[in-house]
Each structure stands twice: as structure tokens, then as C-alpha cells.
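To start, the structure itself, in C-alpha cells.
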There are 2 protein chains.
Amino acid sequence: MRMAKLSEAASVPVPTIKYYLREGLLPAGRRTAANQADYGEAHIRRLRLVRALVEVGGLGMATVREVLAAMDDPRRSLHDVLGTAHWALAGRSTATGALPVGEEARADVDRFIDELGWTVGPEAPARAELARALATLRRLGWPVGAGVFERYAQAADRLGAWELDQLPSAACRPEAVERAVVGTVVFETALVALRRLAQEHHSARRFAEPDAGPPPDANG
Amino acid sequence: MRMAKLSEAASVPVPTIKYYLREGLLPAGRRTAANQADYGEAHIRRLRLVRALVEVGGLGMATVREVLAAMDDPRRSLHDVLGTAHWALAGRSTATGALPVGEEARADVDRFIDELGWTVGPEAPARAELARALATLRRLGWPVGAGVFERYAQAADRLGAWELDQLPSAACRPEAVERAVVGTVVFETALVALRRLAQEHHSARRFAEPDAGPPPDANG
């Protein structure tokens with residue numbers, strides 16, 4: 001297909017496509033005339049992935065290039081590629097991102113992850129995130145251990161197993177990586193929103209005035 | 001106790017305490033001399049709450065005052081107070097916060113929440129968040145309905161019910177609100193971190209090269 005068609009199919013404006021081509025984020029099309037090229041399904045897929053990384057993941061061009069390089073390297077396992085995407089996404093700021101992580105909180109979190117039996121790299125950024133959350137709780141005067149996260153770990157474990165089951169087979173790396181990236185970012189937002197909605201629902205059942213909402217039903 | 005002691009007990013610097021007193025976020029102590037006042041347990045608790053709202057929740061002074069006013073008003077139910085805290089926290093930015101929400105995605109999400117049987121106010125900000133996540137998926141070319149969030153809703157429902165069970169009794173509002181606010185923000189960060197760790201673990205089990213990690217165990 002021509003670039004105009006590609007633009008339409010991927011919902012990405014032509015100037016953006018040209019920019020991605022110049023930056024090497026999108027492979028050149030098959031040249032059909034002096035200033036015409038032909039693009040295929042692979043281009044649509046790659047455009048969608050770049051868009052997911054940039055617009056949803058909030059990644060810069062250099063980081064996107066790194067993720068794509070990992071994806072295109074056949075010597076790297078899909079696990080390795082997903083890891084690269086995760087690490088790139090972890091650079092984004094979080095509510096407690098600016099707070100210091102104590103050595104002690106970090107050691108407690110590392111021990112907790114070991115006890116869960118999870119296979120996680122020692123430098124995974126989410127370890128520091130979790131340690132930061134624990135340190136914040138303690139700083140606020142809650143004398144808790146990492147075990148306070150037990151329920152959340154169970155929920156995450158179930159979700160993580162299910163999410164990986166949903167990924168397309170390892171043979172289809174572009175789609176698997178796209179889904180992993182979009183999944184990590186978009187479903188993270190969704191999960192956070194749903195937790196707040198569920199909290200509101202369960203709070204209504206417990207604490208609302210009798211005339212402020214429907215009575216608790218018998219299914220709880 | 002004197003202010004120096006209060007500062008130590010709550011881990012909040014004296015100038016910050018004076019600022020909170022001036023702003024009306026902390027009630028005055030019992031005057032014991034011309035320029036001396038006595039503070040009690042209630043002050044420690046209130047200081048911890050303000051700190052949680054400002055430092056962890058990232059709220060501005062005006063919003064903190066609103067949450068405290070709701071908390072101190074005995075006519076308002078605890079559900080109402082928790083709702084005020086939730087709404088205040090929802091103002092914080094999210095990854096997809098800048099993207100538009102289509103009418104269609106919003107209607108789909110509202111129907112989905114109805115089908116879950118959740119009691120959630122029609123204007124709860126998390127509805128828009130969820131609709132934004134759905135709209136983002138569609139914009140990226142995934143032709144999905146709100147049912148794509150089913151698993152996440154189940155996980156959130158279980159967590160939400162458990163979290164509300166953990167709150168101190170409604171009689172102890174300051175502690176309940178503090179825990180709800182800290183819980184919403186800090187455990188949200190923890191949940192997101194744990195989901196990434198769980199994804200890495202399950203990805204390792206499925207996609208890592210045979211010599212890159214331990215073999216899957218029999219508990220999966």
C-alpha cells in the first residue's frame with residue numbers, strides 16, 4: 001500500500017510516519033518509483049507498536065529504538081524482549097518516585113520476593129518501587145513488614161499468570177511485544193481505576209447512611 | 001506534650017507544624033503559658049494524616065482542608081469522607097490522563113460497572129479513567145469491549161472487599177481516613193510494582209531460554 005493508505009490504516013499522520021522513517025523506527029518500504037514506496041502489514045504493526053511505546057508508554061525516541069532493537073534481534077528470547085520493554089517503562093514517574101529507599105526496606109522486599117518464589121532479576125526496577133512503598137508506610141508511622149503486601153502479591157500473581165497466558169505465541173514477537181507494552185501501561189491504569197471503584201462499592205456497602213444508597217445485598 | 005516533642009513524635013519539623021497551625025490544618029494546642037501550648041495524641045494523629053495527604057497523596061493545602069472538613073463533620077458518613085478523599089486523589093495525573101474519552105467508551109464502561117453490580121457514584125473520576133483506558137486500546141486498533149477488564153475487575157473486587165475489612169471501625173474516623181488515604185496511594189504503587197514483578201516471573205517461566213533461569217516448578 002502507499003503511504004497515504006498506511007497512514008489511514010494505522011491512524012498515524014503522514015508527517016509522523018516520515019519522522020519515524022528518518023529516525024529508523026520504521027523500516028523503509030519497497031521502492032516502486034523514484035519517490036514512491038510500497039508498505040505492508042508489517043509496517044502497520046510496527047507503527048502501532050511505536051505509537052503504543054510513545055503515546056501510551058511515554059517513551060522517548062532513544063528508548064523506543066532500544067526496545068525495537070531488542071525485538072528485532074533473533075538471539076534474544078521473548079522474555080528478554082519483554083524485560084527490555086518493562087525496564088523502559090519503569091523510568092516513568094510514580095507518586096512516591098522521589099522518596100528515598102532505605103537499605104532495610106529494600107532488603108525486606110527482596111526477602112519477600114524470594115519467599116514468594118518469584119524469578120525476578122535482582123535489578124528489576126519494580127523491586128525499588130515496592131521498597132519505596134514500604135519505606136513510605138514506615139515513615140508515616142506504620143510499623144509494617146513486607147508481608148503487608150501479601151494480598152496484593154497474590155492478586156498480582158494470578159493476574160500476571162493469566163496475562164502471560166493471553167499473549168500470542170512467542171513466534172509472533174511484534175504482536176507479543178505490542179500487547180505486553182500496551183498491556184503493561186493501559187491495564188495498569190485500568191487496574192488502578194477498578195480498585196478505586198471497588199473500594200467505593202465496598203465502602204458504600206459498609207459505611208453509607210441507610211438512605212444514601214441501596215442496602216447490602218445477599219451476594220456479599 | 002510540647003511542640004518539640006510533638007515534632008519528634010510525628011516526625012514533622014517544627015516550622016511545618018507552625019505552618020499547619022496557621023493554615024488551620026492542625027487544631028491549636030491547649031495553652032499552658034504565654035507562648036507555650038500542650039499537644040496530645042490527637043495532634044500526632046492529625047499531623048500524620050496531613051502528611052499522608054500532602055506527601056503521599058500529593059494534595060494541595062486547599063484540598064487537604066476539604067478532606068479534613070469532611071472528616072470533622074459528624075453529619076457525614078465514613079463512606080462520604082472516604083469518597084471525598086478518593087475524589088481529591090483522583091486529580092493526580094495518570095499515564096493516559098491527557099487523552100480524550102469518547103462518549104461510546106464511557107457508556108460501555110458505565111454498563112460494565114452496572115453489570116458488575118457495583119454501587120458507584122455516576123461522577124466517580126475512576127469511571128472516566130477506565131473509559132480512557134478502553135478508548136486508548138481501541139485507538140491502538142484493539143477492537144475490544146469493556147469486558148476486556150473482567151479479570152482486573154474480579155481482582156479489584158476481591159482486594160477492595162479485603163481492604164475495607166482491614167479498616168478500623170467507623171467509630172475511629174481519623175485513623176480510618178488516614179488508612180484509606182495512605183492505602184489508596186501507597187498500596188496502589190505497591191500493586192502496580194507487584195504486577196510487573198509477577199509478569200517478569202511468569203514471563204521467565206514461559207519464555208526464558210532454558211539456561212537463563214530455573215525450570216518451571218510443579219506448583220504453577
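How things are named: the first chain in the C-alpha cells is A, the next is B, and so on; residues count from 1 in each chain; ligands count from 1 in the order shown.
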- Task: When you get a sec, could you note down which chain B residues fall within 6 Å of chain A, using only C-alpha atoms, as a ChimeraX atom specification?
- Result: /B:77-79,118-120,126,130,133,152-153,156-157,160-161,186,190-191,193-195,198-199,201-204,207-208
- Message: Write out as a ChimeraX atom specification the set of residues from segment 118-202 of chain A that DSSP, computed on the backbone, places in alpha helix (DSSP H).
- Response: /A:125-139,150-166,173-182,188-202
Deliver the residues from the most recent selection as a file, using C-alpha atoms, as a compact mmCIF listing (two decimals), in the first residue's frame.
```
# COMPACT_ATOMS: atom_id res chain seq x y z
CA PRO A 125 13.10 -1.51 38.88
CA ALA A 126 9.83 -2.69 40.44
CA ARG A 127 11.83 -4.02 43.42
CA ALA A 128 12.85 -0.44 44.28
CA GLU A 129 9.27 0.76 43.69
CA LEU A 130 7.94 -1.76 46.17
CA ALA A 131 10.68 -0.95 48.69
CA ARG A 132 9.77 2.73 48.34
CA ALA A 133 6.14 1.94 49.15
CA LEU A 134 7.24 0.00 52.25
CA ALA A 135 9.60 2.80 53.35
CA THR A 136 6.76 5.32 52.92
CA LEU A 137 4.44 3.31 55.16
CA ARG A 138 7.12 3.13 57.86
CA ARG A 139 7.94 6.82 57.55
CA GLU A 150 0.86 -10.40 50.70
CA ARG A 151 -2.70 -9.99 49.39
CA TYR A 152 -1.56 -7.69 46.61
CA ALA A 153 1.16 -10.16 45.64
CA GLN A 154 -1.43 -12.94 45.41
CA ALA A 155 -3.67 -10.81 43.21
CA ALA A 156 -0.70 -9.77 41.04
CA ASP A 157 0.45 -13.38 40.74
CA ARG A 158 -2.95 -14.54 39.49
CA LEU A 159 -3.23 -11.61 37.07
CA GLY A 160 0.35 -11.99 35.82
CA ALA A 161 -0.11 -15.70 35.08
CA TRP A 162 -3.36 -15.00 33.25
CA GLU A 163 -1.89 -12.07 31.32
CA LEU A 164 1.06 -14.11 30.06
CA ASP A 165 -1.39 -16.84 29.01
CA GLN A 166 -3.18 -14.26 26.87
CA ARG A 173 7.19 -11.29 18.57
CA PRO A 174 5.92 -7.97 17.21
CA GLU A 175 2.40 -8.72 18.38
CA ALA A 176 3.57 -10.21 21.67
CA VAL A 177 5.69 -7.16 22.45
CA GLU A 178 2.96 -4.74 21.39
CA ARG A 179 0.46 -6.48 23.63
CA ALA A 180 2.90 -6.68 26.51
CA VAL A 181 3.68 -2.96 26.31
CA VAL A 182 0.11 -1.82 25.83
CA GLU A 188 -2.20 -0.81 34.83
CA THR A 189 -4.33 2.33 34.57
CA ALA A 190 -7.43 0.17 34.32
CA LEU A 191 -6.49 -1.90 37.36
CA VAL A 192 -5.87 1.22 39.45
CA ALA A 193 -9.22 2.72 38.37
CA LEU A 194 -11.06 -0.54 39.07
CA ARG A 195 -9.52 -0.81 42.53
CA ARG A 196 -10.87 2.66 43.37
CA LEU A 197 -14.29 1.78 42.01
CA ALA A 198 -14.30 -1.45 44.02
CA GLN A 199 -13.27 0.46 47.13
CA GLU A 200 -16.13 2.89 46.61
CA HIS A 201 -18.53 -0.01 46.13
CA HIS A 202 -17.41 -1.86 49.25
```
- Distance query Thr84 of chain A at most 9 Å, only C-alpha atoms, self and fewer than 4 positions along chain excluded, as a list in words: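 So the residues in contact are Glu66, Val67, Ala70, Met71, His79, Asp80, Ala88 and Leu89 of chain A.
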Those residues with C-alpha atoms, as a PDB file, in the first residue's frame please?
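Output (again.pdb):
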```pdb
ATOM      1  CA  GLU A  66      16.341   0.263  22.208  1.00  0.00           C
ATOM      2  CA  VAL A  67      13.122  -1.745  22.626  1.00  0.00           C
ATOM      3  CA  ALA A  70      15.843  -5.959  21.284  1.00  0.00           C
ATOM      4  CA  MET A  71      12.707  -7.104  19.485  1.00  0.00           C
ATOM      5  CA  HIS A  79      11.386 -12.919  27.992  1.00  0.00           C
ATOM      6  CA  ASP A  80      14.420 -10.752  27.384  1.00  0.00           C
ATOM      7  CA  ALA A  88      11.998   1.188  29.631  1.00  0.00           C
ATOM      8  CA  LEU A  89       8.522   1.774  31.046  1.00  0.00           C
TER       9      LEU A  89
END
```
- Message: Report, in Å to a single decimal, how far apart atom CA of Gly102 of chain B and atom CA of Gly40 of chain A are.
- Response: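 These atoms are spaced 29.7 Å apart.
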